[in-house]
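See structure below.
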Amino acid sequence: MSESDELRRPGRLGSALSELAANAIALVRTRIELAGVELQETTGRVKELLILAICGALLGLFTLLFASMFVIVCFWDSYPLAAVGGVTLFYLALTVAVWVRLRQRVRGGPTPFAATLAELQNDVTSLRNRR
């Protein structure tokens with residue numbers, strides 16, 4: 001009796017279909033769990049970036065405010081325009097540095113759900129090769 005004859009028997013076909021369905025459900029469950037883990041990692045990373053950006057901006061503003069006042073008050077009698085201009089250029093340089101660093105962090109991060117997408121692509125490739 002060939003393999004196809006065995007699958008045609010009622011008990012074997014139902015068993016094979018049940019096993020196939022169970023394997024498909026297990027595969028989907030695994031992929032959903034992987035997507036959930038990646039979603040948690042991505043959410044944590046975004047929260048960290050947002051907190052860093054907000055804290056950095058607030059602390060930078062306070063620091064710059066008081067440093068600016070100090071420099072301007074120190075040089076107000078002798079070089080008032082130079083003091084204001086120098087403080088302004090200093091703020092500009094710091095602003096550029098912060099935005100460059102933030103941009104690097106955002107672009108340098110991993111692609112969301114990269115592992116899930118790779119596993120799904122491996123599944124598709126594997127299923128196509130079995131034909």
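Ligands are numbered from 1 in the order shown, residues from 1 within each chain, and chains are lettered A, B, ... in the order they appear in the structure tokens.
Around Leu102 of chain A, within 12 Å and counting only C-alpha atoms, the residues found are Val46, Glu48, Leu49, Leu50, Ile51, Leu52, Ala53, Ile54, Gly56, Ala57, Thr95, Val96, Ala97, Val98, Val106, Arg107, Gly108 and Gly109 of chain A, once anything fewer than 4 positions away on its own chain is removed.
Excluding Ala83 of chain A and any residue on its chain fewer than 3 positions from it, the residues at most 12 Å away by only C-alpha atoms are A:Ala67, A:Ser68, A:Met69, A:Phe70, A:Val71, A:Ile72, A:Val73, A:Cys74, A:Phe75, A:Trp76, A:Asp77, A:Ser78, A:Tyr79, A:Pro80, A:Gly86, A:Val87, A:Thr88, A:Leu89, A:Phe90.
Interatomic distance, atom CA of Thr43 of chain A to atom CA of Val28 of chain A: 22.2 Å.
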Item to check | Counting only C-alpha atoms, the option among A:Leu20, A:Gly44, A:Ala82, A:Arg31 closest to Gln121 of chain A | outcome: A:Arg31
What's the 12 Å shell around Asp123 of chain A, counting only C-alpha atoms, without same-chain residues fewer than 6 positions away, as a PDB file with C-alpha atoms, in the first residue's frame?
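part29.pdb was written with the following content:
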```
ATOM      1  CA  ALA A  24       0.207  25.631  12.032  1.00  0.00           C
ATOM      2  CA  LEU A  27       3.845  28.176  14.409  1.00  0.00           C
ATOM      3  CA  VAL A  28       1.506  31.172  14.482  1.00  0.00           C
ATOM      4  CA  THR A  30       5.408  31.300  18.278  1.00  0.00           C
ATOM      5  CA  ARG A  31       5.465  34.153  15.760  1.00  0.00           C
ATOM      6  CA  THR A 116       9.576  38.446  13.410  1.00  0.00           C
ATOM      7  CA  LEU A 117       9.714  39.503   9.773  1.00  0.00           C
ATOM      8  CA  ASN A 129      10.639  24.887  -1.195  1.00  0.00           C
ATOM      9  CA  ARG A 130       8.538  21.909  -0.073  1.00  0.00           C
TER      10      ARG A 130
END
```
Checklist entry - Restricting the calculation to only C-alpha atoms, which member of A:Gln104, A:Leu65, A:Arg45, A:Ser18 is positioned closest to Val84 of chain A? => result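 Of A:Gln104, A:Leu65, A:Arg45, A:Ser18, the one nearest Val84 of chain A is A:Leu65, counting only C-alpha atoms.
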